[in-house]
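Below is input14.cif, which holds mmCIF, C-alpha atoms.
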data_model
#
loop_
_atom_site.label_atom_id
_atom_site.label_comp_id
_atom_site.auth_asym_id
_atom_site.auth_seq_id
_atom_site.Cartn_x
_atom_site.Cartn_y
_atom_site.Cartn_z
CA MET O 1 120.38 107.42 111.62
CA ASP O 2 116.83 108.58 111.01
CA LEU O 3 113.82 106.28 111.42
CA PHE O 4 110.65 106.46 109.35
CA ALA O 5 107.51 104.58 110.43
CA HIS O 6 106.69 102.43 107.39
CA ARG O 7 102.97 102.77 106.57
CA GLY O 8 102.73 104.18 110.11
CA VAL O 9 103.50 101.96 113.10
CA SER O 10 102.40 98.99 111.02
CA ALA O 11 103.82 96.32 113.33
CA HIS O 12 101.20 97.22 115.96
CA TYR O 13 98.38 98.90 114.03
CA PRO O 14 96.66 98.24 110.70
CA GLU O 15 98.97 99.72 108.06
CA ASN O 16 98.23 103.05 106.38
CA THR O 17 95.36 103.89 108.75
CA LYS O 18 94.88 106.92 110.96
CA ALA O 19 95.50 104.71 114.01
CA ALA O 20 98.95 103.71 112.67
CA PHE O 21 99.86 107.29 111.78
CA TYR O 22 98.56 108.78 115.01
CA ALA O 23 100.79 106.34 116.94
CA ALA O 24 103.76 107.44 114.80
CA SER O 25 102.99 111.11 115.37
CA LYS O 26 103.67 110.61 119.09
CA LEU O 27 107.12 109.05 118.60
CA PRO O 28 110.50 110.82 118.69
CA ILE O 29 111.41 109.59 115.21
CA ALA O 30 112.28 111.42 111.98
CA GLY O 31 109.15 110.70 110.00
CA ILE O 32 106.60 108.42 108.40
CA GLU O 33 106.10 106.72 105.04
CA LEU O 34 102.77 106.27 103.28
CA ASP O 35 101.46 105.19 99.87
CA VAL O 36 98.91 106.97 97.70
CA HIS O 37 96.47 106.00 94.94
CA VAL O 38 93.65 107.94 93.26
CA THR O 39 89.98 106.98 93.49
CA ALA O 40 87.45 106.90 90.65
CA ASP O 41 86.29 110.38 91.69
CA GLY O 42 89.78 111.89 91.87
CA GLU O 43 90.50 111.71 95.60
CA VAL O 44 94.01 110.89 96.84
CA VAL O 45 93.77 108.03 99.35
CA VAL O 46 96.37 106.32 101.51
CA ILE O 47 96.66 102.57 100.89
CA HIS O 48 99.50 100.34 99.70
CA ASP O 49 97.95 97.94 97.20
CA GLU O 50 96.16 98.72 93.95
CA THR O 51 93.20 96.77 95.35
CA ILE O 52 91.50 96.87 98.74
CA ASP O 53 91.32 93.07 98.99
CA ARG O 54 94.24 92.48 101.40
CA THR O 55 93.61 95.27 103.90
CA SER O 56 89.82 95.55 104.00
CA ASN O 57 86.66 93.44 104.05
CA GLY O 58 85.87 94.58 100.50
CA SER O 59 87.37 93.94 97.11
CA GLY O 60 88.14 95.82 93.92
CA TYR O 61 90.61 98.32 92.53
CA VAL O 62 90.98 101.70 94.24
CA LYS O 63 90.86 103.38 90.82
CA ASP O 64 87.45 101.87 90.07
CA LEU O 65 85.77 102.92 93.33
CA THR O 66 84.67 106.33 94.61
CA LEU O 67 85.79 107.58 98.01
CA GLN O 68 82.27 106.97 99.31
CA GLN O 69 82.37 103.36 98.07
CA LEU O 70 85.83 102.83 99.57
CA ARG O 71 84.57 104.23 102.87
CA SER O 72 81.84 101.61 103.08
CA TYR O 73 84.48 98.99 103.97
CA ASP O 74 86.45 98.23 107.12
CA TYR O 75 90.25 98.61 107.01
CA GLY O 76 91.09 97.56 110.55
CA SER O 77 89.54 94.23 111.50
CA TRP O 78 91.80 92.21 109.15
CA PHE O 79 94.62 93.21 111.51
CA ALA O 80 92.83 92.89 114.86
CA GLU O 81 89.22 93.07 116.03
CA GLU O 82 89.95 96.14 118.17
CA TYR O 83 90.59 98.19 115.02
CA LYS O 84 87.25 97.36 113.45
CA GLY O 85 85.80 100.44 111.82
CA GLU O 86 89.10 101.98 110.67
CA SER O 87 88.42 103.78 107.40
CA ILE O 88 90.61 104.35 104.37
CA PRO O 89 92.17 107.79 104.99
CA THR O 90 92.61 110.54 102.44
CA LEU O 91 96.07 112.05 102.09
CA SER O 92 94.63 115.27 103.50
CA GLU O 93 93.46 113.53 106.69
CA VAL O 94 96.88 111.98 107.29
CA LEU O 95 98.77 115.21 106.63
CA GLU O 96 96.43 116.91 109.12
CA LEU O 97 97.84 114.66 111.89
CA PHE O 98 101.35 115.98 111.24
CA VAL O 99 100.79 119.69 110.62
CA ALA O 100 101.86 120.56 114.16
CA THR O 101 104.63 117.93 114.55
CA HIS O 102 108.27 117.86 113.44
CA HIS O 103 107.98 114.68 111.37
CA ARG O 104 108.96 114.35 107.74
CA ILE O 105 106.36 112.78 105.45
CA ASN O 106 107.50 110.38 102.74
CA ILE O 107 104.69 110.09 100.19
CA GLU O 108 105.15 107.18 97.80
CA LEU O 109 103.32 107.65 94.51
CA LYS O 110 102.09 104.16 93.58
CA THR O 111 102.26 104.83 89.86
CA ASP O 112 104.32 101.79 88.87
CA ILE O 113 101.23 99.69 87.97
CA PHE O 114 98.60 102.31 87.03
CA PRO O 115 99.96 105.74 86.06
CA TYR O 116 97.09 107.69 87.72
CA GLU O 117 97.07 110.65 85.35
CA GLY O 118 97.50 113.90 87.29
CA ILE O 119 98.38 112.31 90.66
CA GLU O 120 101.50 114.46 90.99
CA ALA O 121 99.52 117.72 90.79
CA LEU O 122 96.88 116.41 93.21
CA VAL O 123 99.53 115.45 95.78
CA LEU O 124 101.42 118.73 95.39
CA LYS O 125 98.16 120.62 95.96
CA GLU O 126 97.61 118.81 99.30
CA ILE O 127 101.19 119.49 100.38
CA ALA O 128 100.79 123.21 99.63
CA LYS O 129 97.41 123.33 101.39
CA HIS O 130 98.91 121.93 104.59
CA GLN O 131 102.04 124.11 104.31
CA ILE O 132 104.47 121.27 104.88
CA THR O 133 106.53 121.64 101.69
CA GLU O 134 109.89 121.59 103.47
CA ARG O 135 109.04 118.39 105.37
CA VAL O 136 107.91 116.24 102.43
CA ILE O 137 109.74 113.61 100.38
CA ILE O 138 107.99 112.25 97.30
CA SER O 139 109.19 108.81 96.22
CA SER O 140 108.21 106.35 93.51
CA PHE O 141 109.35 103.28 91.60
CA ASN O 142 108.02 105.13 88.54
CA HIS O 143 110.82 107.59 87.93
CA GLU O 144 108.78 109.43 85.29
CA SER O 145 106.52 110.53 88.16
CA LEU O 146 109.57 111.99 89.89
CA GLN O 147 110.51 113.86 86.72
CA THR O 148 107.02 115.35 86.70
CA VAL O 149 107.32 116.40 90.36
CA SER O 150 110.77 117.93 89.87
CA GLN O 151 109.46 119.94 86.91
CA MET O 152 106.34 121.12 88.77
CA ALA O 153 107.93 121.66 92.19
CA PRO O 154 111.76 121.58 92.04
CA TYR O 155 111.86 122.75 95.69
CA ILE O 156 110.34 119.47 96.96
CA GLU O 157 112.65 116.60 97.81
CA THR O 158 112.18 113.51 95.67
CA ALA O 159 113.56 109.99 96.05
CA ALA O 160 113.93 107.23 93.47
CA LEU O 161 112.83 103.82 94.71
CA PHE O 162 114.74 100.76 93.53
CA ALA O 163 113.98 97.08 94.05
CA GLU O 164 117.07 96.05 92.09
CA ILE O 165 120.74 96.99 92.19
CA LEU O 166 122.34 99.44 89.76
CA VAL O 167 126.01 99.56 88.87
CA ASP O 168 125.99 103.36 89.09
CA PHE O 169 123.23 105.00 91.09
CA THR O 170 124.47 108.58 91.09
CA THR O 171 124.78 109.01 87.31
CA TYR O 172 121.30 107.56 86.86
CA THR O 173 119.62 109.63 89.58
CA ALA O 174 121.25 112.84 88.28
CA LYS O 175 119.38 112.27 85.02
CA ILE O 176 115.92 112.15 86.65
CA PRO O 177 116.92 114.36 88.61
CA THR O 178 116.23 113.24 92.16
CA ASN O 179 117.63 114.05 95.59
CA ALA O 180 117.75 110.64 97.26
CA ILE O 181 117.94 106.90 96.68
CA HIS O 182 115.63 104.43 98.46
CA VAL O 183 116.78 100.81 98.22
CA SER O 184 115.64 97.45 99.57
CA LEU O 185 117.41 95.92 102.55
CA PRO O 186 119.46 93.19 100.87
CA THR O 187 120.76 95.51 98.14
CA ALA O 188 121.90 98.13 100.68
CA PHE O 189 125.07 96.15 101.38
CA ARG O 190 126.23 96.08 97.74
CA ARG O 191 129.38 97.86 96.59
CA SER O 192 127.54 100.37 94.40
CA ILE O 193 125.64 101.67 97.45
CA GLY O 194 128.95 102.26 99.22
CA VAL O 195 130.19 104.15 96.17
CA ALA O 196 127.02 106.26 96.07
CA LEU O 197 127.47 107.12 99.78
CA GLU O 198 131.09 108.14 99.11
CA GLN O 199 129.79 110.41 96.34
CA GLY O 200 127.50 112.15 98.82
CA ALA O 201 124.19 110.45 98.01
CA THR O 202 121.32 110.40 100.51
CA ILE O 203 120.34 106.76 100.91
CA ARG O 204 117.39 105.37 102.84
CA VAL O 205 116.68 101.65 103.18
CA TYR O 206 113.38 99.73 103.34
CA THR O 207 112.05 97.74 105.22
CA VAL O 208 114.30 97.23 108.26
CA ASN O 209 112.69 95.32 111.13
CA ASP O 210 115.80 93.53 112.39
CA LEU O 211 117.91 95.47 114.89
CA GLU O 212 121.18 93.86 113.79
CA TYR O 213 120.61 94.99 110.20
CA ALA O 214 119.74 98.47 111.47
CA LYS O 215 123.02 98.63 113.40
CA GLN O 216 125.01 97.47 110.35
CA LEU O 217 123.33 100.06 108.13
CA GLN O 218 124.06 102.76 110.68
CA GLN O 219 127.74 101.77 110.62
CA LEU O 220 127.72 101.94 106.82
CA GLY O 221 126.61 105.55 107.00
CA ILE O 222 123.06 105.01 105.69
CA GLN O 223 121.09 108.14 106.57
CA ALA O 224 117.69 106.58 107.29
CA VAL O 225 115.67 103.37 107.37
CA PHE O 226 111.97 102.60 107.04
CA THR O 227 110.70 100.23 109.71
CA ASP O 228 107.35 98.70 110.69
CA ASP O 229 108.37 98.81 114.38
CA PRO O 230 110.08 102.16 114.98
CA GLU O 231 109.85 101.93 118.78
CA ALA O 232 111.77 98.63 118.91
CA ILE O 233 114.46 99.78 116.47
CA LEU O 234 114.79 103.15 118.23
CA ALA O 235 115.16 101.46 121.62
CA GLY O 236 117.80 99.09 120.24
CA LEU O 237 119.86 101.79 118.53
CA THR O 238 119.87 104.09 121.54
CA LYS O 239 120.91 101.47 124.10
#
Encoded form using structure tokens:
Amino acid sequence: MDLFAHRGVSAHYPENTKAAFYAASKLPIAGIELDVHVTADGEVVVIHDETIDRTSNGSGYVKDLTLQQLRSYDYGSWFAEEYKGESIPTLSEVLELFVATHHRINIELKTDIFPYEGIEALVLKEIAKHQITERVIISSFNHESLQTVSQMAPYIETAALFAEILVDFTTYTAKIPTNAIHVSLPTAFRRSIGVALEQGATIRVYTVNDLEYAKQLQQLGIQAVFTDDPEAILAGLTK
């Protein structure tokens, strides 16, 4: 079962920062997961929330601030004093860390609150620039974004994110269309997920920080999990 470092190694480093991704780049795991938003001046930045309030010493919406304004805040000291001075990274800066590695990069388009007009094209441009097309997965809770990506770049893997359970995942995802299904941990044990696996679906589960759950998912035949602590889960699964 593949492991993806969720927002980087976010159990031990401030999430979605270069420190968290650099740590992940050194691990023998399948890949990483990150989240992207667009700034007021059209830059693609890596951060989970729509605002910078939770993970910086500033406040405000990413969409209302320029990259320069966003860079005037600290994105590390909320986590631990030793990470003071961590900056908000651009997607380009994070991809740069993985150009020479084997890792897959799951880019979540955070378009479920604000649609960020044109984000799909901006992200695809960065992927092409770094020549990592075959290693990228683009996911979103906004399945219209995935439709846009599949129309613009049908050769890139996409994944539909779900917080809720569907009766029939495979019929729905064929309509988008999308290559994979990303579901939350409790829903991964439902019958419809088992049916989707039987029908050949690729299913990845978020966010798995408990080794027992990871073992159970592995037994179910789940192909990958997203975890905040990939080293601990990797050690437990390979014992």
Problem - Exercise: Ser87 in chain O partners within 12 Å, only C-alpha atoms, chain neighbours under 2 positions left out, as a ChimeraX atom specification - result: /O:14-20,45-47,52,55-58,67-77,83-85,89-90,93-94
Can you give me, as a compact mmCIF listing (two decimals) with C-alpha atoms, keeping the file's coordinate frame, the residues this file yields under the PyMOL selection byres ((chain O and resi 110-123) around 9)?
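Output contents, as saved in part-v7.txt:
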# COMPACT_ATOMS: atom_id res chain seq x y z
CA ASP O 35 101.46 105.19 99.87
CA VAL O 36 98.91 106.97 97.70
CA HIS O 37 96.47 106.00 94.94
CA VAL O 38 93.65 107.94 93.26
CA GLY O 42 89.78 111.89 91.87
CA GLU O 43 90.50 111.71 95.60
CA VAL O 44 94.01 110.89 96.84
CA HIS O 48 99.50 100.34 99.70
CA ASP O 49 97.95 97.94 97.20
CA GLU O 50 96.16 98.72 93.95
CA LYS O 63 90.86 103.38 90.82
CA LEU O 91 96.07 112.05 102.09
CA ILE O 107 104.69 110.09 100.19
CA GLU O 108 105.15 107.18 97.80
CA LEU O 109 103.32 107.65 94.51
CA LEU O 124 101.42 118.73 95.39
CA LYS O 125 98.16 120.62 95.96
CA GLU O 126 97.61 118.81 99.30
CA ILE O 127 101.19 119.49 100.38
CA ALA O 128 100.79 123.21 99.63
CA SER O 139 109.19 108.81 96.22
CA SER O 140 108.21 106.35 93.51
CA PHE O 141 109.35 103.28 91.60
CA ASN O 142 108.02 105.13 88.54
CA HIS O 143 110.82 107.59 87.93
CA SER O 145 106.52 110.53 88.16
CA LEU O 146 109.57 111.99 89.89
CA THR O 148 107.02 115.35 86.70
CA VAL O 149 107.32 116.40 90.36
CA MET O 152 106.34 121.12 88.77
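You will find CA of Val9 in chain O at 14.3 Å from CA of Phe98 in chain O.
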Problem - Which of O:Ala24, O:Arg204, O:Ala30, O:Asp228 sits closest to Arg135 in chain O [using only C-alpha atoms] - result: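 When distances to Arg135 in chain O are compared using only C-alpha atoms, the smallest one comes from O:Ala30.
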Handout entry: Best match for closeness to Asn106 in chain O among O:Leu34, O:Leu166, O:Ile88, O:Ile181, counting all atoms listed in the file
Key =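 Among the listed residues, the smallest separation from Asn106 in chain O belongs to O:Leu34.
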Practice task
Could you tell me how far CA of Thr51 in chain O lies from CA of Ser25 in chain O, in Å and to one decimal?
Solution key: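 Between these atoms lies a distance of 26.5 Å.
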Practice task
Name the residues that the PyMOL selection byres ((chain O and resi 190) around 12) pulls out of this structure, and write them as a VMD selection string.
Solution key: chain O and resid 164 to 169 183 to 189 191 to 197 217 220
Exercise for the section: Might you spell out which residues the PyMOL selection byres ((chain O and resi 27) around 10) would select in the displayed file, as a VMD selection string? Expected result: chain O and resid 5 9 22 to 26 28 to 31 103 230 to 231 234
Handout entry: Pairwise distance for CA of Ala159 in chain O and CA of Thr207 in chain O, rounded to one decimal in Å
Key =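 Atom-to-atom, CA of Ala159 in chain O to CA of Thr207 in chain O, that is 15.4 Å.
If only C-alpha atoms are the atoms counted, then among O:Phe226, O:Tyr155, O:Tyr61, O:Tyr213 the closest residue to His182 in chain O is O:Phe226.
Checking O:Glu82, O:Asp2, O:Asp229, O:Asp53 one by one against Asp210 in chain O, counting all atoms listed in the file, you find the shortest gap at O:Asp229.
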Problem - Residue with smallest distance to Tyr13 in chain O - pool O:Ala80, O:Leu97, O:Ala40, O:Ala201, counting all atoms listed in the file - result: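 Selected residue with least distance to Tyr13 in chain O: O:Ala80.
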Handout entry: Of the listed residues O:Val62, O:Pro177, O:His12, O:Ala224, that which approaches Arg104 in chain O most closely, counting all atoms listed in the file
Key = O:Ala224
